[in-house]
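Read the structure below first, then the notes.
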Amino acid sequence: MSALFYFREKDVTNVIAESIQKARVAMSKRAFGESKALLDEVLSAEPDNFEGRYTLAVLHRAEGQPANAKVLLETLVAEKPDFGRGFQELGLCELALKKEPAAITAFEQAVEHDGSLIDSWKFLTTAYRRQGDTRAEQAAMQVDFLASLPTELRTVISYLAANRMADAERLCRFFLQQNKTHVEGMRLMAEIATRTGVFDDAEFLLETVMELAPDHIEAEIQLAHVLLRRQRFHKAHKRVTSIYNRNSNPSPQVKALYASVCFGVGENEEAIKTYQDMIRVSPNDPQLRVSLAHIYNATGESSKAVDLFKQAYSLKSDFGDAFWSLANTKSYRFTEAELTAMTDRVDSPSTPQLDKIQMHFALGKAHEDSKDFDTAFRHYQEGNTLKRETSTHSKEQLDIRISSQLEVCKSDLFERLKGVGHDAPDPIFILGLPRAGSTLLEQILASHSKVDGTMELHDILDLAKRLRGRDKSSDPSPRYPRILSELPTERFTQFGQQFIEDTRAYRGNAPFFIDKMPNNFFHIGLIKLILPNAKVIDARRHPMACCFSGYKQLFGEGQEFSYGLEEIGNYYRQYVDLMDHWNAVLPGFVLQVQHEDVIADLEGQVRRILDFCGLEFEEACVEFHKTKRTVRTPSAEQVRQPINTSGVDQWCNFETHLDPLKRALGPDILDAYGVTPPA
C-alpha cells in the first residue's frame with residue numbers, strides 16, 4: 001500500500017504536492033529512478049493528478065522517451081486547452097522527434113496561453129527568422145522583454161496565464177514592497193486589479209506608470225481598456241485618439257480600441273468605418289465582424305447585425321460568441337442547420353469552455369423557441385453550471401452587503417443628515433434586478449423631450465468602492481456603509497457635485513438624465529445623502545419571471561449571482577428585503593413600477609412615472625418604440641417594438657424544473673404573487 005494512504009484525507013493534497021516537488025528536484029539532479037518512484041507513489045494514490053502526470057511527461061522526455069511523453073501531454077492539453085506549459089513541453093517533445101512544424105505549432109500555442117514562456121519565444125524567434133517570417137522581430141522583442149524582467153515578475157505573468165489570481169497578487173505585492181516604483185511591477189499589479197474588478201486601483205497604478213514612463217505604449221493601451229471597463233468613455237477616447245494619431249500605421253489592437261472608444265462616445269459612424277476597414281485588411285477575423293455587429297444591433301440595424309454574426313460563425317465553426325449574439329437579439333430564430341452545428345460543436349472536446357457556455361445558452365433559446373422546453377432547460381442548466389465554475393458570487397458576502405445597509409442606514413441617520421448633499425434634481429435612477437424591465441422604463445423616459453437616456457453608469461458603484469476602501473467584501477462590518485455616519489457633512493455635497501460633473505459627458509442638453517445601473521439598489525441610502533432631489537425608480541417584475549429570465553441570460557460581465565436557480569432566488573429575496581427597508585426609512589423617495597402593470601396599462605403607468613419625476617405628459621413616451629437612440633442592453637431590439645405580452649409568463653413553460661428557485665424565494669414572496677409552492 002502507498003505510504004500516502006496513511007495520511008488523513010485533509011493532509012493528502014499537501015503531501016502529494018510535496019512529493020511532486022521532490023520528484024522535480026530529483027529530476028533536476030538526473031536522479032531519474034528516485035523521481036520515478038516518487039511519481040509512481042503520487043499517481044497510485046491519485047491517478048488523475050494533473051501536475052503529477054505533467055511531471056511524469058517531463059521525466060519521460062528527460063529519460064529520452066519523447067514519444068511516451070507526447071502521449072501523456074496530448075491527453076493533458078485536451079483536458080486543459082489553455083495549459084501553456086503543457087504545449088511548451090509538447091513542443092520540446094516534437095523537436096526531439098525531429099518534427100519541427102509540429103513543434104512550431106506547439107510553441108505558438110504555448111505562448112498564446114502563457115506569454116511568460118521565454119524558451120518557447122526563443123525557439124519561435126529562431127524558427128521565424130529561418131523562414132523569413134515577419135513575426136520574428138516581435139518574438140525577439142518578447143524574449144528581450146522577458147529576459148529584462150526579474151524572475152518574480154515572470155512568475156507573476158505565468159500565474160496570470162493560469163488564472164491563479166491569489167498567487168499572482170501575493171507575489172506581485174511582495175515584489176513591489178521591495179521595488180515600489182518598478183514600472184512593470186505596477187503594470188502587472190494593475191492587470192491583477194483589473195481582473196479582480198478593482199478598477200479604480202488599476203487606473204491609479206497605470207496613471208502612475210504613465211507619469212514615470214510617458215512613452216510606455218502598452219501601459220497606455222492597458223489604461224484605455226481600464227477606462228472603457230469603468231465606462232470613462234471620454235477619457236478613454238482622448239487617450240486612444242492620441243495613440244491612434246501618433247502612429248502612421250496603428251496596430252490592429254490600437255485600431256480595435258479606437259473603434260471601441262468611438263462607439264463609447266457615440267461616434268458610431270467612425271466606429272463602423274474603422275471596423276469595416278479592419279475587416280477589409282483581415283477578412284478572416286470573426287471577432288471583428290461580431291464587434292461591428294454589436295454596434296449595428298445597438299443602433300437598431302438588426303438585419304446587418306444578423307448577417308455579420310452569421311459570417312463570423314462561418315469563419316470559425318465553434319465561435320460561441322457569434323451564436324450567442326444571434327440568440328441575444330431575442331428575435332432571431334435558428335435554422336435546423338445551425339442547431340445541428342451548435343449541437344456538434346458543444347459536444348466536441350476541442351471546443352473551448354467559454355464557447356461551449358455561449359452555445360449552451362444559444363441552444364437553450366433555440367429549443368425554447370421551438371417549444372422543446374425540457375431540452376431548452378437542459379442547455380440552460382448546462383450553460384449555467386459551466387459558467388458558475390468561474391463565478392465569484394458568494395451568498396455570505398451578499399448577506400454582509402445587505403445586513404450592513406440594514407444596520408447602518410436607519411431612519412435616525414437620515415434624520416440627522418437631513419439637508420445634506422448636492423441639490424441638483426437632474427438624475428433619475430432606474431434600478432432593480434436585471435431583466436426586470438428597466439430598459440423599457442429607460443426607453444419610455446428617454447423618449448421625453450426633457451430627459452436624456454445614457455447607459456448603466458458606474459459612478460455610484462465606484463463611489464461605494466472608494467468609501468469601502470481596502471476592506472474586503474467578506475469583512476463582517478465593512479467600512480462602507482458604516483462610514484456614512486462618520487463623514488463630515490460637506491463631503492456629501494462634494495460627492496453629489498462630483499457625480500453631476502462626471503456624468504455630464506454622457507448627457508445631451510436635456511435638464512434630466514437617466515442612470516440605469518440595476519445594482520444601484522444597494523446604494524439608495526448613499527444616493528439620498530449625496531443627491532436628495534434625485535428620483536429613484538424601482539423596476540420590479542414577477543419573481544419567477546424575473547429570476548428565470550436572468551437565469552437564461554449570459555451577461556457580458558457582472559451579475560454573477562444569476563448562474564444558479566438557488567443563487568438568483570436568494571438574491572431576489574434579499575433585494576426585496578432591502579427595498580422594503582428603503583421604503584420604510586425613506587418613504588416616498590422610491591417609486592416602484594411593476595413590469596406587468598406597464599404591459600397591462602401603458603399610458604396609465606407612463607403618466608404615473610412622469611408625475612413622480614415632475615414631468616408633463618408627452619405622447620412620445622407612450623410611443624417609445626419610435627425613439628431612435630443607441631441601446632446597449634440585451635433588450636435593445638425588444639424596446640424598439642410596441643408593448644406585447646409574449647414574455648410575461650414564459651417561465652411557466654419551465655415550472656417543473658424550477659422548484660430550487662421557488663424554495664430560494666421563500667413562501668412570503670411566492671404567496672404575494674400567487675405562485676404554487678414547490679412540491
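Note on naming: chains are A, B, ... as they come in the C-alpha cells, residues start from 1 per chain, ligands start from 1 in the order shown.
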Using only C-alpha atoms, find each residue in segment 174-264 of chain A having at least one atom no more than 12 Å away from segment 437-456 of chain A; report its shortest atom-to-atom pair and that distance in Å (one decimal), rows by chain then rising number, as a tab-separated table.
residue	atom	partner	partner_atom	distance
A:Arg229	CA	A:Glu456	CA	11.7
A:Arg230	CA	A:Glu456	CA	10.5
A:Gln231	CA	A:Glu456	CA	8.8
A:Arg232	CA	A:Glu456	CA	11.8
A:Phe233	CA	A:Met455	CA	11.5
A:Gly264	CA	A:Met455	CA	10.2
For His379 of chain A, list every protein, DNA or RNA residue within 10 Å, evaluated using only C-alpha atoms, and leave out those in the same chain fewer than 2 positions away; present the list as a VMD selection string.
-> chain A and resid 357 359 to 367 373 to 377 381 to 385 552
Distance query Val346 of chain A at most 9 Å, only C-alpha atoms, self and fewer than 5 positions along chain excluded, as a list in words =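 Surrounding residues, per the criterion: Asp318, Gly320, Ala341, Thr351, Gln353, Asp355, Lys356, Ile357, Met359 and His360 of chain A.
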Based on the selection just made, write N, CA and C atoms of those residues as a compact mmCIF listing (two decimals), in the first residue's frame.
# COMPACT_ATOMS: atom_id res chain seq x y z
N ASP A 318 -16.77 26.99 -34.22
CA ASP A 318 -17.07 26.86 -32.80
C ASP A 318 -17.05 28.21 -32.09
N GLY A 320 -18.56 30.53 -30.25
CA GLY A 320 -19.77 30.62 -29.44
C GLY A 320 -20.35 32.01 -29.35
N ALA A 341 -25.19 22.32 -36.10
CA ALA A 341 -23.80 22.79 -35.97
C ALA A 341 -23.47 23.09 -34.52
N THR A 351 -13.71 22.10 -28.30
CA THR A 351 -14.35 23.41 -28.20
C THR A 351 -13.99 24.05 -26.86
N GLN A 353 -14.09 26.17 -23.40
CA GLN A 353 -15.21 26.19 -22.46
C GLN A 353 -16.10 27.40 -22.63
N ASP A 355 -16.76 29.09 -25.29
CA ASP A 355 -17.61 28.88 -26.47
C ASP A 355 -18.72 27.87 -26.18
N LYS A 356 -18.39 26.84 -25.40
CA LYS A 356 -19.43 25.87 -25.01
C LYS A 356 -20.53 26.55 -24.20
N ILE A 357 -20.11 27.38 -23.24
CA ILE A 357 -21.09 28.10 -22.43
C ILE A 357 -22.01 28.93 -23.32
N MET A 359 -22.71 28.60 -26.48
CA MET A 359 -23.58 27.79 -27.33
C MET A 359 -24.67 27.10 -26.54
N HIS A 360 -24.39 26.72 -25.28
CA HIS A 360 -25.46 26.14 -24.46
C HIS A 360 -26.59 27.16 -24.27
Which residues of segment 213-317 of chain A sit at most 8 Å from segment 182-203 of chain A, using only C-alpha atoms? Give each one's shortest atom pair and distance in Å (one decimal place), in chain and ascending residue order, as a Markdown table.
| residue | atom | partner | partner_atom | distance |
| --- | --- | --- | --- | --- |
| A:Ala213 | CA | A:Val183 | CA | 7.6 |
| A:Ala219 | CA | A:Arg187 | CA | 6.7 |
| A:Leu223 | CA | A:Glu203 | CA | 6.3 |
| A:Val226 | CA | A:Glu203 | CA | 6.4 |
| A:Leu227 | CA | A:Glu203 | CA | 7.2 |
| A:Arg229 | CA | A:Phe199 | CA | 7.7 |
| A:Arg230 | CA | A:Phe199 | CA | 6.8 |
Save the residues we just selected, N, CA, C and O atoms, as an mmCIF file, in the first residue's frame?
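Saved result, result-v6.cif, follows:
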data_model
loop_
_atom_site.group_PDB
_atom_site.id
_atom_site.type_symbol
_atom_site.label_atom_id
_atom_site.label_comp_id
_atom_site.auth_asym_id
_atom_site.auth_seq_id
_atom_site.Cartn_x
_atom_site.Cartn_y
_atom_site.Cartn_z
ATOM 1 N N ALA A 213 6.799 56.683 -17.005
ATOM 2 C CA ALA A 213 7.252 56.255 -18.339
ATOM 3 C C ALA A 213 6.239 56.735 -19.381
ATOM 4 O O ALA A 213 5.411 55.950 -19.859
ATOM 5 N N ALA A 219 1.323 50.300 -21.539
ATOM 6 C CA ALA A 219 0.617 50.757 -20.339
ATOM 7 C C ALA A 219 -0.514 51.705 -20.702
ATOM 8 O O ALA A 219 -1.593 51.678 -20.093
ATOM 9 N N LEU A 223 -4.329 51.192 -19.856
ATOM 10 C CA LEU A 223 -5.115 52.213 -19.160
ATOM 11 C C LEU A 223 -6.404 52.513 -19.918
ATOM 12 O O LEU A 223 -7.475 52.653 -19.321
ATOM 13 N N VAL A 226 -8.922 49.885 -19.186
ATOM 14 C CA VAL A 226 -9.498 50.052 -17.847
ATOM 15 C C VAL A 226 -10.535 51.170 -17.863
ATOM 16 O O VAL A 226 -11.624 51.039 -17.286
ATOM 17 N N LEU A 227 -10.220 52.279 -18.531
ATOM 18 C CA LEU A 227 -11.179 53.379 -18.629
ATOM 19 C C LEU A 227 -12.465 52.933 -19.329
ATOM 20 O O LEU A 227 -13.568 53.338 -18.938
ATOM 21 N N ARG A 229 -13.637 49.836 -19.275
ATOM 22 C CA ARG A 229 -14.353 48.984 -18.320
ATOM 23 C C ARG A 229 -15.097 49.835 -17.284
ATOM 24 O O ARG A 229 -16.148 49.438 -16.789
ATOM 25 N N ARG A 230 -14.534 50.992 -16.947
ATOM 26 C CA ARG A 230 -15.174 51.883 -15.979
ATOM 27 C C ARG A 230 -16.171 52.824 -16.656
ATOM 28 O O ARG A 230 -16.736 53.694 -16.008
#
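In this comparison, which uses only C-alpha atoms, the residue of A:Phe521, A:Tyr380, A:Phe512, A:Phe555 approaching Arg435 of chain A most closely is A:Phe555.
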Would you kindly return, as a PyMOL selection string, each protein, DNA or RNA residue with an atom no farther than 7 Å from any atom of segment 235-245 of chain A, considering only C-alpha atoms and excluding same-chain residues fewer than 4 positions away?
-> chain A and resi 224+227-228+250+254+258+261-262
Using N, CA and C atoms, can you export the residues from the last selection as a short mmCIF file (atom, residue, chain, number, x, y, z; two decimals), in the first residue's frame?
data_model
loop_
_atom_site.label_atom_id
_atom_site.label_comp_id
_atom_site.auth_asym_id
_atom_site.auth_seq_id
_atom_site.Cartn_x
_atom_site.Cartn_y
_atom_site.Cartn_z
N ALA A 224 -6.31 52.59 -21.23
CA ALA A 224 -7.51 52.84 -22.03
C ALA A 224 -8.54 51.73 -21.85
N LEU A 227 -10.22 52.28 -18.53
CA LEU A 227 -11.18 53.38 -18.63
C LEU A 227 -12.47 52.93 -19.33
N LEU A 228 -12.32 52.08 -20.34
CA LEU A 228 -13.52 51.54 -21.00
C LEU A 228 -14.32 50.68 -20.04
N PRO A 250 -1.30 52.45 -37.29
CA PRO A 250 -1.64 51.87 -35.98
C PRO A 250 -1.79 50.35 -36.07
N VAL A 254 -4.65 48.66 -31.61
CA VAL A 254 -4.99 50.08 -31.42
C VAL A 254 -6.21 50.46 -32.25
N TYR A 258 -9.60 51.91 -30.80
CA TYR A 258 -10.12 53.19 -31.30
C TYR A 258 -11.59 53.06 -31.70
N VAL A 261 -13.71 52.97 -28.46
CA VAL A 261 -13.93 54.24 -27.76
C VAL A 261 -14.81 55.18 -28.57
N CYS A 262 -14.73 55.09 -29.88
CA CYS A 262 -15.63 55.90 -30.72
C CYS A 262 -17.08 55.50 -30.48
#
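You can rank A:Gln553, A:Ile217, A:Ala436, A:Asp462 by their closest distance to Ala539 of chain A using only C-alpha atoms, and at the top of that list sits A:Ala436.
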Those of segment 242-333 of chain A in DSSP alpha helix (DSSP H), formatted as a ChimeraX atom specification = /A:242-246,252-264,268-281,286-298,302-315,320-328
Would you kindly return, as a PDB file with all heavy atoms, in the first residue's frame, each protein, DNA or RNA residue with an atom no farther than 9 Å from any atom of Trp582 of chain A, considering only C-alpha atoms and excluding same-chain residues fewer than 2 positions away?
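Output (result.pdb):
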ATOM      1  N   LEU A 406     -28.803  47.488   6.252  1.00  0.00           N
ATOM      2  CA  LEU A 406     -29.930  47.499   7.191  1.00  0.00           C
ATOM      3  C   LEU A 406     -29.510  48.043   8.551  1.00  0.00           C
ATOM      4  O   LEU A 406     -30.275  48.754   9.217  1.00  0.00           O
ATOM      5  CB  LEU A 406     -30.487  46.084   7.354  1.00  0.00           C
ATOM      6  CG  LEU A 406     -31.072  45.408   6.103  1.00  0.00           C
ATOM      7  CD1 LEU A 406     -31.519  43.987   6.424  1.00  0.00           C
ATOM      8  CD2 LEU A 406     -32.230  46.214   5.529  1.00  0.00           C
ATOM      9  N   CYS A 409     -28.038  52.209   7.737  1.00  0.00           N
ATOM     10  CA  CYS A 409     -28.909  53.197   7.090  1.00  0.00           C
ATOM     11  C   CYS A 409     -30.313  53.150   7.682  1.00  0.00           C
ATOM     12  O   CYS A 409     -31.275  52.708   7.045  1.00  0.00           O
ATOM     13  CB  CYS A 409     -28.932  52.964   5.582  1.00  0.00           C
ATOM     14  SG  CYS A 409     -27.321  53.205   4.814  1.00  0.00           S
ATOM     15  N   LYS A 410     -30.429  53.653   8.908  1.00  0.00           N
ATOM     16  CA  LYS A 410     -31.709  53.670   9.608  1.00  0.00           C
ATOM     17  C   LYS A 410     -32.303  55.077   9.579  1.00  0.00           C
ATOM     18  O   LYS A 410     -31.651  56.040   9.179  1.00  0.00           O
ATOM     19  CB  LYS A 410     -31.519  53.198  11.043  1.00  0.00           C
ATOM     20  CG  LYS A 410     -31.059  51.743  11.139  1.00  0.00           C
ATOM     21  CD  LYS A 410     -30.904  51.302  12.578  1.00  0.00           C
ATOM     22  CE  LYS A 410     -30.509  49.823  12.664  1.00  0.00           C
ATOM     23  NZ  LYS A 410     -30.298  49.370  14.041  1.00  0.00           N
ATOM     24  N   ILE A 524     -29.152  53.053  -2.327  1.00  0.00           N
ATOM     25  CA  ILE A 524     -30.180  54.097  -2.316  1.00  0.00           C
ATOM     26  C   ILE A 524     -29.947  55.056  -1.158  1.00  0.00           C
ATOM     27  O   ILE A 524     -30.162  56.273  -1.288  1.00  0.00           O
ATOM     28  CB  ILE A 524     -31.583  53.459  -2.271  1.00  0.00           C
ATOM     29  CG1 ILE A 524     -31.875  52.781  -3.628  1.00  0.00           C
ATOM     30  CG2 ILE A 524     -32.655  54.494  -1.950  1.00  0.00           C
ATOM     31  CD1 ILE A 524     -33.177  52.022  -3.679  1.00  0.00           C
ATOM     32  N   GLY A 525     -29.474  54.571  -0.020  1.00  0.00           N
ATOM     33  CA  GLY A 525     -29.153  55.455   1.102  1.00  0.00           C
ATOM     34  C   GLY A 525     -28.066  56.442   0.732  1.00  0.00           C
ATOM     35  O   GLY A 525     -28.158  57.642   1.049  1.00  0.00           O
ATOM     36  N   ASP A 577     -36.082  42.424   0.461  1.00  0.00           N
ATOM     37  CA  ASP A 577     -35.915  42.835   1.865  1.00  0.00           C
ATOM     38  C   ASP A 577     -35.272  44.216   1.956  1.00  0.00           C
ATOM     39  O   ASP A 577     -35.693  45.061   2.767  1.00  0.00           O
ATOM     40  CB  ASP A 577     -35.040  41.826   2.610  1.00  0.00           C
ATOM     41  CG  ASP A 577     -35.750  40.503   2.863  1.00  0.00           C
ATOM     42  OD1 ASP A 577     -36.989  40.458   2.716  1.00  0.00           O
ATOM     43  OD2 ASP A 577     -35.066  39.518   3.205  1.00  0.00           O
ATOM     44  N   LEU A 578     -34.250  44.458   1.129  1.00  0.00           N
ATOM     45  CA  LEU A 578     -33.574  45.750   1.189  1.00  0.00           C
ATOM     46  C   LEU A 578     -34.474  46.860   0.656  1.00  0.00           C
ATOM     47  O   LEU A 578     -34.505  47.970   1.221  1.00  0.00           O
ATOM     48  CB  LEU A 578     -32.264  45.696   0.398  1.00  0.00           C
ATOM     49  CG  LEU A 578     -31.385  46.955   0.471  1.00  0.00           C
ATOM     50  CD1 LEU A 578     -31.060  47.320   1.920  1.00  0.00           C
ATOM     51  CD2 LEU A 578     -30.094  46.756  -0.321  1.00  0.00           C
ATOM     52  N   MET A 579     -35.220  46.590  -0.416  1.00  0.00           N
ATOM     53  CA  MET A 579     -36.130  47.609  -0.937  1.00  0.00           C
ATOM     54  C   MET A 579     -37.231  47.926   0.078  1.00  0.00           C
ATOM     55  O   MET A 579     -37.634  49.088   0.223  1.00  0.00           O
ATOM     56  CB  MET A 579     -36.736  47.162  -2.265  1.00  0.00           C
ATOM     57  CG  MET A 579     -35.750  47.093  -3.427  1.00  0.00           C
ATOM     58  SD  MET A 579     -34.759  48.588  -3.674  1.00  0.00           S
ATOM     59  CE  MET A 579     -36.023  49.827  -3.888  1.00  0.00           C
ATOM     60  N   ASP A 580     -37.712  46.916   0.791  1.00  0.00           N
ATOM     61  CA  ASP A 580     -38.692  47.170   1.858  1.00  0.00           C
ATOM     62  C   ASP A 580     -38.091  48.099   2.916  1.00  0.00           C
ATOM     63  O   ASP A 580     -38.773  48.987   3.457  1.00  0.00           O
ATOM     64  CB  ASP A 580     -39.126  45.854   2.504  1.00  0.00           C
ATOM     65  CG  ASP A 580     -40.052  45.035   1.611  1.00  0.00           C
ATOM     66  OD1 ASP A 580     -40.559  45.580   0.611  1.00  0.00           O
ATOM     67  OD2 ASP A 580     -40.245  43.836   1.906  1.00  0.00           O
ATOM     68  N   ALA A 584     -39.225  51.948   3.981  1.00  0.00           N
ATOM     69  CA  ALA A 584     -39.594  52.251   5.366  1.00  0.00           C
ATOM     70  C   ALA A 584     -38.834  53.463   5.903  1.00  0.00           C
ATOM     71  O   ALA A 584     -39.414  54.321   6.587  1.00  0.00           O
ATOM     72  CB  ALA A 584     -39.326  51.036   6.251  1.00  0.00           C
ATOM     73  N   VAL A 585     -37.530  53.554   5.598  1.00  0.00           N
ATOM     74  CA  VAL A 585     -36.721  54.638   6.178  1.00  0.00           C
ATOM     75  C   VAL A 585     -36.684  55.879   5.289  1.00  0.00           C
ATOM     76  O   VAL A 585     -36.323  56.971   5.758  1.00  0.00           O
ATOM     77  CB  VAL A 585     -35.281  54.159   6.485  1.00  0.00           C
ATOM     78  CG1 VAL A 585     -35.302  53.006   7.481  1.00  0.00           C
ATOM     79  CG2 VAL A 585     -34.518  53.775   5.220  1.00  0.00           C
ATOM     80  N   LEU A 586     -37.037  55.728   4.020  1.00  0.00           N
ATOM     81  CA  LEU A 586     -37.068  56.866   3.083  1.00  0.00           C
ATOM     82  C   LEU A 586     -38.411  56.878   2.355  1.00  0.00           C
ATOM     83  O   LEU A 586     -38.483  56.720   1.133  1.00  0.00           O
ATOM     84  CB  LEU A 586     -35.923  56.757   2.070  1.00  0.00           C
ATOM     85  CG  LEU A 586     -34.500  56.847   2.628  1.00  0.00           C
ATOM     86  CD1 LEU A 586     -33.481  56.487   1.545  1.00  0.00           C
ATOM     87  CD2 LEU A 586     -34.229  58.246   3.183  1.00  0.00           C
ATOM     88  N   PRO A 587     -39.505  57.057   3.081  1.00  0.00           N
ATOM     89  CA  PRO A 587     -40.832  56.962   2.455  1.00  0.00           C
ATOM     90  C   PRO A 587     -40.999  57.987   1.339  1.00  0.00           C
ATOM     91  O   PRO A 587     -40.654  59.161   1.492  1.00  0.00           O
ATOM     92  CB  PRO A 587     -41.784  57.243   3.629  1.00  0.00           C
ATOM     93  CG  PRO A 587     -40.955  57.920   4.670  1.00  0.00           C
ATOM     94  CD  PRO A 587     -39.577  57.399   4.517  1.00  0.00           C
ATOM     95  N   PHE A 589     -39.347  58.228  -1.429  1.00  0.00           N
ATOM     96  CA  PHE A 589     -38.155  58.522  -2.232  1.00  0.00           C
ATOM     97  C   PHE A 589     -38.059  57.611  -3.449  1.00  0.00           C
ATOM     98  O   PHE A 589     -37.451  57.984  -4.454  1.00  0.00           O
ATOM     99  CB  PHE A 589     -36.898  58.374  -1.362  1.00  0.00           C
ATOM    100  CG  PHE A 589     -35.625  58.818  -2.025  1.00  0.00           C
ATOM    101  CD1 PHE A 589     -35.488  60.110  -2.503  1.00  0.00           C
ATOM    102  CD2 PHE A 589     -34.560  57.946  -2.177  1.00  0.00           C
ATOM    103  CE1 PHE A 589     -34.308  60.537  -3.116  1.00  0.00           C
ATOM    104  CE2 PHE A 589     -33.376  58.354  -2.785  1.00  0.00           C
ATOM    105  CZ  PHE A 589     -33.252  59.661  -3.251  1.00  0.00           C
ATOM    106  N   VAL A 590     -38.657  56.421  -3.366  1.00  0.00           N
ATOM    107  CA  VAL A 590     -38.557  55.434  -4.441  1.00  0.00           C
ATOM    108  C   VAL A 590     -39.954  55.135  -4.978  1.00  0.00           C
ATOM    109  O   VAL A 590     -40.889  54.896  -4.208  1.00  0.00           O
ATOM    110  CB  VAL A 590     -37.906  54.126  -3.938  1.00  0.00           C
ATOM    111  CG1 VAL A 590     -37.825  53.102  -5.072  1.00  0.00           C
ATOM    112  CG2 VAL A 590     -36.527  54.395  -3.353  1.00  0.00           C
TER     113      VAL A 590
END
8 Å contact set for Met278 of chain A, only C-alpha atoms, chain neighbours under 6 positions out, as JSON, numbers by chain | {"A": [252, 255, 288]}
What is the distance between atom CA of Ser19 of chain A and atom CA of His60 of chain A, in Å to one decimal?
->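 Separating atom CA of Ser19 of chain A from atom CA of His60 of chain A is a distance of 17.4 Å.
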Straight-line distance linking atom CA of Gln178 of chain A with atom CA of Met210 of chain A, stated in Å to one decimal | 20.5 Å
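Near segment 416-419 of chain A, within 12 Å and counting only C-alpha atoms, sit Cys409, Lys410, Leu484, Ser485, Glu486, Leu487, Pro488, Thr489, Glu490, Arg491, Phe492, Thr493, Gly525, Leu526, Lys528, Leu529, Ile530, Leu531, Pro532, Asn533 and Leu586 of chain A, not including residues fewer than 6 positions from it in the same chain.
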